[in-house]
file structure24.cif (mmCIF, C-alpha atoms)
data_query
#
loop_
_atom_site.label_atom_id
_atom_site.label_comp_id
_atom_site.auth_asym_id
_atom_site.auth_seq_id
_atom_site.Cartn_x
_atom_site.Cartn_y
_atom_site.Cartn_z
CA MET J 1 69.01 138.66 118.89
CA ASP J 2 72.38 138.75 117.14
CA VAL J 3 72.43 136.45 114.07
CA VAL J 4 76.02 135.41 114.58
CA VAL J 5 75.39 134.41 118.17
CA THR J 6 72.26 132.49 117.16
CA ASN J 7 74.15 130.60 114.48
CA GLU J 8 76.93 129.76 116.90
CA ARG J 9 74.49 128.51 119.48
CA MET J 10 72.80 126.30 116.89
CA ALA J 11 76.21 124.97 115.84
CA ALA J 12 77.02 124.14 119.45
CA TYR J 13 73.63 122.46 119.87
CA LEU J 14 74.16 120.37 116.74
CA ARG J 15 77.66 119.42 117.84
CA ASP J 16 76.34 118.27 121.25
CA ASN J 17 73.52 116.21 119.71
CA HIS J 18 75.57 114.90 116.81
CA ASP J 19 74.74 111.19 117.18
CA LYS J 20 71.04 111.67 117.78
CA VAL J 21 70.48 114.07 114.88
CA VAL J 22 72.62 112.22 112.34
CA GLY J 23 71.03 108.93 113.35
CA ARG J 24 67.50 110.27 112.90
CA TRP J 25 68.46 112.09 109.66
CA THR J 26 69.94 108.86 108.28
CA ASP J 27 66.74 107.00 109.16
CA LEU J 28 64.62 109.56 107.31
CA VAL J 29 66.86 109.57 104.23
CA VAL J 30 67.18 105.77 104.10
CA ALA J 31 63.39 105.50 104.16
CA GLY J 32 63.30 107.86 101.15
CA VAL J 33 65.95 106.12 99.00
CA ARG J 34 64.05 102.80 99.16
CA GLY J 35 67.09 100.54 99.14
CA ARG J 36 68.94 102.17 96.25
CA THR J 37 71.87 103.03 98.53
CA SER J 38 73.10 101.20 101.62
CA ARG J 39 72.53 102.63 105.09
CA GLU J 40 76.28 102.85 105.75
CA GLU J 41 76.83 104.87 102.60
CA VAL J 42 73.99 107.28 103.39
CA ARG J 43 75.33 107.64 106.94
CA ARG J 44 78.80 108.44 105.64
CA GLU J 45 77.51 111.07 103.20
CA LEU J 46 75.33 112.69 105.84
CA GLU J 47 78.13 112.71 108.44
CA ASP J 48 80.22 114.74 106.00
CA LEU J 49 77.37 117.13 105.22
CA TYR J 50 76.52 117.47 108.89
CA ALA J 51 80.08 118.33 109.83
CA LEU J 52 80.10 121.00 107.12
CA VAL J 53 76.74 122.42 108.19
CA VAL J 54 78.07 122.74 111.76
CA ARG J 55 81.21 124.47 110.49
CA VAL J 56 79.19 126.91 108.38
CA LEU J 57 76.88 127.74 111.30
CA SER J 58 79.73 128.22 113.74
CA GLY J 59 81.05 130.86 111.36
CA ALA J 60 84.66 130.28 112.32
CA ASP J 61 85.72 128.86 109.00
CA GLU J 62 85.43 130.91 105.80
CA HIS J 63 86.06 127.92 103.49
CA ALA J 64 83.23 125.90 105.00
CA ALA J 65 80.46 127.43 102.84
CA GLY J 66 82.34 126.67 99.63
CA GLU J 67 83.10 123.13 100.74
CA LEU J 68 79.49 122.56 101.71
CA THR J 69 78.28 123.72 98.29
CA ALA J 70 80.84 121.48 96.56
CA ALA J 71 79.90 118.45 98.67
CA LEU J 72 76.22 119.05 98.02
CA THR J 73 76.76 119.49 94.28
CA GLU J 74 78.66 116.23 94.18
CA LEU J 75 76.00 114.40 96.15
CA SER J 76 73.23 115.81 93.97
CA SER J 77 75.07 114.95 90.73
CA GLY J 78 75.61 111.41 91.98
CA ARG J 79 71.91 111.12 92.79
CA ALA J 80 70.99 112.49 89.35
CA ARG J 81 73.15 109.85 87.66
CA ASP J 82 71.66 107.09 89.82
CA GLY J 83 68.21 108.07 88.60
CA PHE J 84 66.82 109.77 91.71
CA THR J 85 64.27 112.52 91.16
CA PRO J 86 65.28 116.03 92.22
CA SER J 87 62.51 116.04 94.84
CA GLU J 88 63.89 112.90 96.47
CA THR J 89 67.31 114.50 96.72
CA ALA J 90 65.95 117.79 98.04
CA VAL J 91 63.62 116.08 100.53
CA GLY J 92 66.68 114.16 101.78
CA VAL J 93 68.33 117.47 102.60
CA PHE J 94 65.17 119.02 104.06
CA SER J 95 64.69 116.09 106.41
CA LEU J 96 67.62 117.45 108.46
CA LYS J 97 65.13 120.06 109.66
CA GLU J 98 62.71 117.35 110.64
CA ALA J 99 65.41 115.45 112.53
CA VAL J 100 66.43 118.55 114.46
CA TYR J 101 62.86 119.73 115.01
CA GLU J 102 61.94 116.49 116.73
CA LEU J 103 64.71 117.22 119.23
CA VAL J 104 64.05 120.93 119.84
CA ALA J 105 60.25 120.69 119.76
CA ASP J 106 60.07 120.70 123.53
CA SER J 107 62.38 123.65 124.13
CA PRO J 108 60.74 126.93 122.98
CA ASP J 109 63.88 128.96 123.76
CA LEU J 110 65.63 127.31 120.79
CA VAL J 111 63.20 128.71 118.18
CA PRO J 112 65.53 131.45 116.81
CA GLU J 113 68.33 128.89 116.59
CA PHE J 114 66.11 126.46 114.72
CA TYR J 115 65.03 129.23 112.41
CA ALA J 116 68.69 129.92 111.54
CA LEU J 117 69.28 126.28 110.70
CA SER J 118 66.04 126.15 108.73
CA ARG J 119 67.15 129.05 106.56
CA LEU J 120 70.48 127.40 105.83
CA VAL J 121 68.85 124.06 104.98
CA ASP J 122 66.32 125.71 102.65
CA ASP J 123 69.20 127.31 100.84
CA LEU J 124 70.96 123.95 100.57
CA GLY J 125 67.80 122.33 99.24
CA LEU J 126 67.67 124.86 96.42
CA ARG J 127 71.34 124.21 95.69
CA THR J 128 70.63 120.50 95.24
CA PHE J 129 67.92 121.37 92.72
CA GLU J 130 70.31 123.57 90.79
CA ALA J 131 73.07 120.95 90.80
CA TYR J 132 70.58 118.29 89.83
CA SER J 133 69.29 120.11 86.78
CA ALA J 134 72.82 121.09 85.72
CA THR J 135 73.85 117.44 85.83
CA ARG J 136 70.80 116.32 83.89
CA GLU J 137 71.51 118.96 81.24
CA GLN J 138 75.05 117.63 80.97
CA ILE J 139 73.80 114.05 80.62
CA ILE J 140 71.37 115.08 77.87
CA THR J 141 74.05 116.99 75.98
CA ASP J 142 76.46 114.04 76.23
CA GLN J 143 73.82 111.64 74.99
CA ALA J 144 72.86 113.88 72.09
CA THR J 145 76.52 114.07 71.04
CA ALA J 146 76.96 110.32 71.39
CA MET J 147 73.82 109.72 69.36
CA LEU J 148 74.96 112.06 66.62
CA GLU J 149 78.29 110.24 66.38
CA LEU J 150 76.71 106.81 66.43
CA SER J 151 74.00 107.58 63.98
CA THR J 152 76.02 108.37 60.88
CA PRO J 153 78.12 105.45 59.73
CA VAL J 154 79.24 105.34 56.12
CA VAL J 155 79.82 101.78 54.94
CA ARG J 156 81.50 100.42 51.84
CA LEU J 157 79.24 98.00 49.99
CA TRP J 158 81.48 97.26 47.04
CA GLU J 159 84.45 98.65 45.22
CA GLY J 160 83.30 102.15 44.35
CA ILE J 161 79.91 101.84 46.08
CA ILE J 162 79.24 103.26 49.54
CA ALA J 163 76.08 103.37 51.64
CA VAL J 164 74.76 105.56 54.45
CA PRO J 165 72.15 103.78 56.57
CA LEU J 166 70.20 106.55 58.26
CA VAL J 167 68.48 105.78 61.55
CA GLY J 168 66.31 108.30 63.36
CA THR J 169 64.93 111.68 62.51
CA LEU J 170 66.81 113.90 60.09
CA ASP J 171 67.22 117.47 61.25
CA SER J 172 69.50 120.10 59.77
CA ALA J 173 72.38 119.41 62.20
CA ARG J 174 72.35 115.72 61.32
CA THR J 175 71.97 116.36 57.62
CA GLN J 176 75.05 118.54 57.78
CA LEU J 177 76.99 115.77 59.53
CA VAL J 178 75.75 113.07 57.15
CA MET J 179 76.56 115.25 54.16
CA GLU J 180 80.09 115.99 55.37
CA LYS J 181 80.79 112.38 56.20
CA LEU J 182 79.37 111.10 52.93
CA LEU J 183 81.33 113.58 50.83
CA ASP J 184 84.56 112.97 52.75
CA THR J 185 84.15 109.23 52.26
CA LEU J 186 83.44 109.70 48.56
CA VAL J 187 86.69 111.64 48.19
CA ALA J 188 88.70 109.29 50.42
CA THR J 189 87.57 106.07 48.75
CA GLY J 190 87.13 107.39 45.22
CA ALA J 191 83.67 105.83 45.15
CA ASP J 192 81.28 107.00 42.44
CA HIS J 193 78.06 105.48 43.74
CA ALA J 194 76.38 106.31 47.00
CA VAL J 195 73.24 104.75 48.44
CA ILE J 196 71.30 106.60 51.13
CA ASP J 197 69.18 104.08 52.99
CA ILE J 198 66.24 105.59 54.88
CA THR J 199 64.75 102.37 56.28
CA GLY J 200 65.39 103.70 59.79
CA VAL J 201 63.92 107.14 59.20
CA PRO J 202 60.49 107.08 60.87
CA THR J 203 58.81 109.84 58.89
CA VAL J 204 59.61 111.74 55.74
CA ASP J 205 58.09 115.20 55.60
CA THR J 206 58.94 118.09 53.31
CA GLU J 207 61.81 119.17 55.56
CA VAL J 208 63.42 115.72 55.64
CA ALA J 209 62.96 115.41 51.89
CA GLN J 210 64.61 118.79 51.43
CA HIS J 211 67.57 117.59 53.48
CA LEU J 212 67.82 114.38 51.44
CA LEU J 213 67.73 116.31 48.17
CA LYS J 214 70.50 118.60 49.40
CA THR J 215 72.69 115.65 50.31
CA VAL J 216 72.10 114.03 46.93
CA SER J 217 72.89 117.17 44.96
CA ALA J 218 76.08 117.74 46.98
CA ALA J 219 77.19 114.18 46.21
CA ARG J 220 76.39 114.75 42.55
CA LEU J 221 78.62 117.80 42.47
CA LEU J 222 81.48 115.51 43.41
CA GLY J 223 80.59 113.31 40.48
CA ALA J 224 78.88 110.50 42.39
CA ASP J 225 75.53 108.93 41.53
CA CYS J 226 73.14 108.80 44.43
CA THR J 227 70.30 106.38 45.06
CA ILE J 228 67.77 106.59 47.87
CA SER J 229 66.66 103.21 49.18
CA GLY J 230 64.53 101.79 51.95
CA ILE J 231 61.33 103.66 51.19
CA ARG J 232 58.56 101.93 53.11
CA PRO J 233 54.96 101.82 51.85
CA GLN J 234 53.68 104.39 54.39
CA VAL J 235 56.60 106.68 53.62
CA ALA J 236 55.89 106.40 49.90
CA GLN J 237 52.26 107.36 50.55
CA THR J 238 53.30 110.36 52.63
CA ILE J 239 55.77 111.50 49.99
CA VAL J 240 53.13 111.31 47.26
CA SER J 241 50.40 112.99 49.29
CA LEU J 242 52.77 115.82 50.28
CA GLY J 243 53.61 116.28 46.62
CA ILE J 244 57.35 115.88 47.15
CA GLU J 245 59.27 115.42 43.91
CA PHE J 246 62.53 113.51 43.95
CA GLY J 247 63.13 114.53 40.36
CA ASP J 248 65.60 112.34 38.51
CA ILE J 249 66.99 110.80 41.70
CA ALA J 250 66.69 107.03 41.62
CA THR J 251 64.66 105.58 44.50
CA LYS J 252 64.48 101.90 45.40
CA ALA J 253 62.46 99.84 47.85
CA SER J 254 65.40 98.05 49.43
CA LEU J 255 69.14 98.42 49.85
CA ALA J 256 69.57 95.24 47.79
CA ASP J 257 67.78 96.82 44.82
CA ALA J 258 69.90 99.93 45.15
CA LEU J 259 73.10 97.85 45.22
CA ALA J 260 71.95 95.95 42.13
CA LEU J 261 71.31 99.25 40.34
CA ALA J 262 74.70 100.65 41.35
CA LEU J 263 76.46 97.48 40.21
CA ARG J 264 74.66 97.62 36.88
CA GLN J 265 75.63 101.26 36.40
CA ALA J 266 79.22 100.37 37.22
CA GLY J 267 79.06 97.72 34.50
CA MET J 268 79.09 94.76 36.88
CA LYS J 269 76.80 91.81 37.30
CA VAL J 270 76.34 89.21 40.01
CA VAL J 271 76.05 85.70 38.55
CA PRO J 272 75.43 82.38 40.32
CA LEU J 273 78.53 80.20 40.68
CA MET V 1 95.95 140.19 35.57
CA GLU V 2 96.49 136.51 36.17
CA ARG V 3 95.51 134.13 33.40
CA VAL V 4 94.30 130.58 33.64
CA PRO V 5 96.22 128.35 31.19
CA ILE V 6 94.25 126.07 28.87
CA LEU V 7 96.02 122.83 27.95
CA LYS V 8 95.04 120.74 24.95
CA ILE V 9 95.46 117.01 25.40
CA GLY V 10 94.20 115.04 22.40
CA GLN V 11 90.60 116.05 21.83
CA THR V 12 90.23 117.45 25.35
CA LEU V 13 90.94 120.87 26.78
CA PHE V 14 92.23 120.88 30.32
CA VAL V 15 91.71 123.90 32.59
CA SER V 16 93.09 123.86 36.10
CA ILE V 17 92.01 126.79 38.24
CA GLN V 18 94.70 127.56 40.81
CA ILE V 19 94.23 131.26 41.40
CA ASP V 20 91.67 133.40 43.18
CA LEU V 21 89.24 134.17 40.40
CA GLN V 22 88.38 137.82 39.76
CA ASP V 23 85.78 139.13 37.33
CA GLU V 24 88.41 140.02 34.75
CA SER V 25 90.23 136.72 34.82
CA VAL V 26 86.94 134.85 34.54
CA ILE V 27 85.90 136.82 31.46
CA ARG V 28 89.36 136.28 30.01
CA LEU V 29 89.11 132.53 30.68
CA GLN V 30 85.73 132.34 28.96
CA GLU V 31 87.09 134.18 25.92
CA ASP V 32 90.25 132.07 25.77
CA LEU V 33 88.26 128.88 26.11
CA ALA V 34 85.84 129.86 23.33
CA ASP V 35 88.79 130.73 21.04
CA GLU V 36 90.54 127.48 21.86
CA LEU V 37 87.37 125.41 21.32
CA ALA V 38 86.78 127.06 17.96
CA ALA V 39 90.39 126.60 16.88
CA SER V 40 90.94 123.06 18.09
CA GLY V 41 87.55 121.46 17.62
CA ALA V 42 87.95 119.71 20.96
CA HIS V 43 85.11 117.48 22.12
CA GLY V 44 85.53 117.84 25.82
CA VAL V 45 86.57 120.31 28.51
CA ILE V 46 87.84 119.29 31.92
CA ILE V 47 87.81 121.97 34.59
CA ASP V 48 89.86 121.05 37.61
CA ILE V 49 88.88 122.91 40.80
CA THR V 50 90.90 120.86 43.29
CA ALA V 51 92.67 124.04 44.40
CA VAL V 52 89.50 126.07 44.79
CA GLU V 53 88.60 126.34 48.46
CA ILE V 54 86.00 129.07 48.45
CA VAL V 55 83.11 129.42 46.05
CA ASP V 56 80.29 131.89 45.75
CA SER V 57 77.34 132.30 43.44
CA PHE V 58 79.61 134.17 41.03
CA ILE V 59 81.92 131.20 40.50
CA GLY V 60 78.92 128.90 40.36
CA ARG V 61 77.48 130.98 37.52
CA MET V 62 80.86 131.05 35.76
CA LEU V 63 81.00 127.25 35.75
CA THR V 64 77.51 127.00 34.27
CA THR V 65 78.39 129.64 31.65
CA ILE V 66 81.50 127.73 30.62
CA GLY V 67 79.31 124.63 30.28
CA SER V 68 76.90 126.49 28.00
CA ILE V 69 79.72 127.96 25.87
CA SER V 70 81.31 124.53 25.43
CA ARG V 71 78.01 122.99 24.41
CA LEU V 72 77.72 125.51 21.58
CA PHE V 73 80.95 124.02 20.23
CA ASP V 74 79.58 120.50 20.74
CA ALA V 75 81.97 119.86 23.60
CA GLU V 76 81.02 118.34 26.94
CA THR V 77 82.21 119.94 30.19
CA VAL V 78 83.27 117.88 33.16
CA LEU V 79 84.01 119.53 36.46
CA VAL V 80 86.52 117.54 38.50
CA GLY V 81 88.09 117.58 41.95
CA MET V 82 85.46 119.50 43.87
CA ARG V 83 86.09 119.59 47.62
CA PRO V 84 83.33 118.43 49.99
CA ALA V 85 83.13 121.87 51.62
CA VAL V 86 82.70 123.49 48.21
CA ALA V 87 79.96 121.02 47.26
CA ILE V 88 78.11 121.78 50.50
CA THR V 89 78.38 125.52 49.90
CA LEU V 90 77.07 125.22 46.34
CA THR V 91 74.07 123.17 47.48
CA GLU V 92 73.36 125.61 50.28
CA LEU V 93 73.41 128.36 47.65
CA GLY V 94 70.91 126.30 45.68
CA LEU V 95 73.22 125.87 42.69
CA SER V 96 73.16 122.41 41.15
CA LEU V 97 75.26 123.34 38.06
CA LYS V 98 72.84 122.14 35.45
CA GLY V 99 74.45 121.21 32.14
CA VAL V 100 77.83 120.49 33.71
CA ARG V 101 78.88 116.93 34.49
CA THR V 102 81.00 116.24 37.52
CA ALA V 103 83.61 113.64 38.40
CA LEU V 104 85.67 112.89 41.47
CA ASN V 105 89.06 113.38 39.79
CA ALA V 106 90.66 114.17 36.45
CA GLU V 107 91.08 110.49 35.59
CA LYS V 108 87.37 109.77 36.01
CA GLY V 109 86.56 112.96 34.13
CA LEU V 110 88.59 111.72 31.16
CA GLU V 111 86.80 108.36 31.32
CA ILE V 112 83.46 110.14 31.08
CA LEU V 113 84.60 112.15 28.07
CA ASN V 114 85.99 109.06 26.39
CA GLY V 115 82.68 107.33 26.86
CA LYS V 116 83.92 104.59 29.12
CA SER V 117 81.50 105.44 31.84
#

call {"tool": "encode", "arguments": {"input": "structure24.cif", "output": "C-alpha cells"}}
result
Amino acid sequence: MDVVVTNERMAAYLRDNHDKVVGRWTDLVVAGVRGRTSREEVRRELEDLYALVVRVLSGADEHAAGELTAALTELSSGRARDGFTPSETAVGVFSLKEAVYELVADSPDLVPEFYALSRLVDDLGLRTFEAYSATREQIITDQATAMLELSTPVVRLWEGIIAVPLVGTLDSARTQLVMEKLLDTLVATGADHAVIDITGVPTVDTEVAQHLLKTVSAARLLGADCTISGIRPQVAQTIVSLGIEFGDIATKASLADALALALRQAGMKVVPL
Amino acid sequence: MERVPILKIGQTLFVSIQIDLQDESVIRLQEDLADELAASGAHGVIIDITAVEIVDSFIGRMLTTIGSISRLFDAETVLVGMRPAVAITLTELGLSLKGVRTALNAEKGLEILNGKS
C-alpha cells in the first residue's frame, strides 16, 4: 500500500480520536512522572506534540517535521534539567504507541497505519535520547566552567602577602589558571609573598606536586617568595613515601604558620596589645 | 645592530631590554656589561625585562650567563619586571634561572641590592 496514503489515513484516524488518545497518553505519562509535573502541564505538552505528530503524518505541511523535532528537543531538555532519566522521557514518548494500540487493537485493517505511526514514534524516541544527552553534556560543561572559576580565589592576607586557598584536585588546566591568577595578582598588588594553601587538596601525588612546584617557581621568577601551607599528616606521609622533594620551598602545617613566616620575612611582628 | 644601553647609577648598573634580542646584540650586551663591571666596580646589576613579551630558552640562558659574569666581578644580578606570561613560559621550559635573583619591579630590585630586604 502507498506510504503517503497510509500516513494520511493514520493522521485522519488520530484526528478523529484526538480526545481518547491524548487522554490515555496523558494517563500513561502522568503515571510515569510520579508527581514531578502536574497533569495539566503534561496534558498541554502532549496536546502540542500530538498536533505536530498529526501534521507530520498528514504530510501536508513541510515545516511540521522541523517543529516537531524542536518541540521534542525542548521537552527533552526540560526533562533533563528537572532530573528525569532519559528512559523516563523516551518511555513517555513511546507510550503514545500504547495509547493508540489500545484503540486499534480490535481493527486488523488498521495494522499498516499503526505501523506507520510506530515508525515515527520510534524515531521521536531516539530524538529525545539525543536531545537529552546533548543537554546533559551542556550542563556538565557549564558546571565544570563554574567550578573552575569558583575554585581559584586569590586573597590578600596582609600588605604584600597574598594567599591562594586551593580546594579540589589539581590538574594541569587548573594549575594553569591558578598560576595565571596568582602571577597577575602578584603584579597587580605588588605583593612579594605568596602562600599556597593546600588544605582542600584531597591527595598529593607526583603530578600534583609537579604542578605545585611549577607554580612556585613561576612566582619566584617574579621575585615573590612562596610558601606551601596546609599539609595534612596523611599528605605528608604520601609525599615522603613517594619521594617528592620540595627542595628549598618552605612548607608549613597551617596557613597561620605560613602567615607568621611571611610576616617575619617582611620584617614585621605581631605583638599583643 | 641595535645596542642595549647600560646605565650606571651609584654602585648599580641598570640594563633595560626594550628591543627584540638577536644573537649578536646579546653577545654585545654581555661584552659591554663585562667591560662596564670591570671599569666601574659596580656591586649590582639590575636587568629590567618589563618590555620583553616573548622569551625562549636562548634568552633564558642569556640571563643566567649574565648572572654568572656579574658574579665573577662580585656583583649581584637582579632581574626585574618579568611579566606573568613570561614567567609561565620559563617554568614550562624548565628554566628556573639559578644564580639570578628576581624582583617585581626596579624599586624592589634596588632594595635587594642595597640590602634592605

call {"tool": "residues_around", "arguments": {"input": "structure24.cif", "residues": "stretch 109-113 of chain V", "least_positions_apart": "4", "cutoff": "12 Å", "atoms": "all atoms listed in the file", "output": "number ranges by chain"}}
result
J: 192, 222-224; V: 9-14, 42-48, 75-82, 100-105, 117

call {"tool": "resolve_selection", "arguments": {"input": "structure24.cif", "expression": "the PyMOL selection byres ((chain J) within 8 of (chain V))", "output": "JSON, numbers by chain"}}
result
{"J": [179, 180, 183, 184, 187, 190, 192, 214, 217, 218, 219, 220, 221, 222, 223, 224, 266]}

call {"tool": "write_last_selection", "arguments": {"input": "structure24.cif", "atoms": "C-alpha atoms", "output": "JSON list (two decimals), in the coordinates of the input"}}
result
[["chain", "number", "residue", "atom", "x", "y", "z"],
["J", 179, "MET", "CA", 76.56, 115.25, 54.16],
["J", 180, "GLU", "CA", 80.09, 115.99, 55.37],
["J", 183, "LEU", "CA", 81.33, 113.58, 50.83],
["J", 184, "ASP", "CA", 84.56, 112.97, 52.75],
["J", 187, "VAL", "CA", 86.69, 111.64, 48.19],
["J", 190, "GLY", "CA", 87.13, 107.39, 45.22],
["J", 192, "ASP", "CA", 81.28, 107.00, 42.44],
["J", 214, "LYS", "CA", 70.50, 118.60, 49.40],
["J", 217, "SER", "CA", 72.89, 117.17, 44.96],
["J", 218, "ALA", "CA", 76.08, 117.74, 46.98],
["J", 219, "ALA", "CA", 77.19, 114.18, 46.21],
["J", 220, "ARG", "CA", 76.39, 114.75, 42.55],
["J", 221, "LEU", "CA", 78.62, 117.80, 42.47],
["J", 222, "LEU", "CA", 81.48, 115.51, 43.41],
["J", 223, "GLY", "CA", 80.59, 113.31, 40.48],
["J", 224, "ALA", "CA", 78.88, 110.50, 42.39],
["J", 266, "ALA", "CA", 79.22, 100.37, 37.22]]

call {"tool": "residues_around", "arguments": {"input": "structure24.cif", "residues": "stretch 3-9 of chain J", "least_positions_apart": "3", "cutoff": "10 Å", "atoms": "all atoms listed in the file", "output": "VMD selection string"}}
result
chain J and resid 12 to 15 54 to 60 110 to 117 120

call {"tool": "closest_residue", "arguments": {"input": "structure24.cif", "among": "J:Val208, J:Val216, J:Val240, J:Ala80", "to": "J:Arg136", "atoms": "all atoms listed in the file"}}
result
J:Ala80

call {"tool": "residues_near_point", "arguments": {"input": "structure24.cif", "point": "(69.0, 124.9, 95.3)", "cutoff": "12 Å", "atoms": "all atoms listed in the file", "output": "mmCIF file with C-alpha atoms, in the frame of the given file"}}
result
data_model
loop_
_atom_site.group_PDB
_atom_site.id
_atom_site.type_symbol
_atom_site.label_atom_id
_atom_site.label_comp_id
_atom_site.auth_asym_id
_atom_site.auth_seq_id
_atom_site.Cartn_x
_atom_site.Cartn_y
_atom_site.Cartn_z
ATOM 1 C CA THR J 69 78.280 123.720 98.290
ATOM 2 C CA LEU J 72 76.220 119.050 98.020
ATOM 3 C CA THR J 73 76.760 119.490 94.280
ATOM 4 C CA SER J 76 73.230 115.810 93.970
ATOM 5 C CA PRO J 86 65.280 116.030 92.220
ATOM 6 C CA SER J 87 62.510 116.040 94.840
ATOM 7 C CA THR J 89 67.310 114.500 96.720
ATOM 8 C CA ALA J 90 65.950 117.790 98.040
ATOM 9 C CA VAL J 91 63.620 116.080 100.530
ATOM 10 C CA VAL J 93 68.330 117.470 102.600
ATOM 11 C CA PHE J 94 65.170 119.020 104.060
ATOM 12 C CA LEU J 120 70.480 127.400 105.830
ATOM 13 C CA VAL J 121 68.850 124.060 104.980
ATOM 14 C CA ASP J 122 66.320 125.710 102.650
ATOM 15 C CA ASP J 123 69.200 127.310 100.840
ATOM 16 C CA LEU J 124 70.960 123.950 100.570
ATOM 17 C CA GLY J 125 67.800 122.330 99.240
ATOM 18 C CA LEU J 126 67.670 124.860 96.420
ATOM 19 C CA ARG J 127 71.340 124.210 95.690
ATOM 20 C CA THR J 128 70.630 120.500 95.240
ATOM 21 C CA PHE J 129 67.920 121.370 92.720
ATOM 22 C CA GLU J 130 70.310 123.570 90.790
ATOM 23 C CA ALA J 131 73.070 120.950 90.800
ATOM 24 C CA TYR J 132 70.580 118.290 89.830
ATOM 25 C CA SER J 133 69.290 120.110 86.780
ATOM 26 C CA ALA J 134 72.820 121.090 85.720
#

call {"tool": "resolve_selection", "arguments": {"input": "structure24.cif", "expression": "the PyMOL selection byres ((chain J and resi 153-157) around 12)", "output": "VMD selection string"}}
result
chain J and resid 147 to 152 158 to 167 174 177 to 186 188 to 197 255 to 256 258 to 260 262 to 263

call {"tool": "residues_near_point", "arguments": {"input": "structure24.cif", "point": "(69.8, 113.0, 117.4)", "cutoff": "12 Å", "atoms": "all atoms listed in the file", "output": "number ranges by chain"}}
result
J: 13-28, 50, 96-104

call {"tool": "atom_distance", "arguments": {"input": "structure24.cif", "atom1": "atom CA of J:Arg44", "atom2": "atom CA of J:Gly32"}}
result
16.1 Å

call {"tool": "residues_around", "arguments": {"input": "structure24.cif", "residues": "stretch 25-30 of chain V", "least_positions_apart": "6", "cutoff": "12 Å", "atoms": "only C-alpha atoms", "output": "PyMOL selection string"}}
result
chain V and resi 1-6+15-19+36-37+47+58-70

call {"tool": "atom_distance", "arguments": {"input": "structure24.cif", "atom1": "atom CA of J:Arg79", "atom2": "atom CA of J:Gly92"}}
result
10.8 Å

call {"tool": "atom_distance", "arguments": {"input": "structure24.cif", "atom1": "atom CA of J:Thr251", "atom2": "atom CA of J:Ala236"}}
result
10.3 Å

call {"tool": "residues_around", "arguments": {"input": "structure24.cif", "residues": "J:Pro202", "least_positions_apart": "6", "cutoff": "9 Å", "atoms": "all atoms listed in the file", "output": "JSON, numbers by chain"}}
result
{"J": [167, 168, 169, 235]}

call {"tool": "resolve_selection", "arguments": {"input": "structure24.cif", "expression": "the PyMOL selection byres ((chain J and resi 244) around 10)", "output": "PyMOL selection string"}}
result
chain J and resi 204-206+209-210+236+238-243+245-247

call {"tool": "write_last_selection", "arguments": {"input": "structure24.cif", "atoms": "C-alpha atoms", "output": "compact mmCIF listing (two decimals), in the frame of the given file"}}
result
# COMPACT_ATOMS: atom_id res chain seq x y z
CA VAL J 204 59.61 111.74 55.74
CA ASP J 205 58.09 115.20 55.60
CA THR J 206 58.94 118.09 53.31
CA ALA J 209 62.96 115.41 51.89
CA GLN J 210 64.61 118.79 51.43
CA ALA J 236 55.89 106.40 49.90
CA THR J 238 53.30 110.36 52.63
CA ILE J 239 55.77 111.50 49.99
CA VAL J 240 53.13 111.31 47.26
CA SER J 241 50.40 112.99 49.29
CA LEU J 242 52.77 115.82 50.28
CA GLY J 243 53.61 116.28 46.62
CA GLU J 245 59.27 115.42 43.91
CA PHE J 246 62.53 113.51 43.95
CA GLY J 247 63.13 114.53 40.36
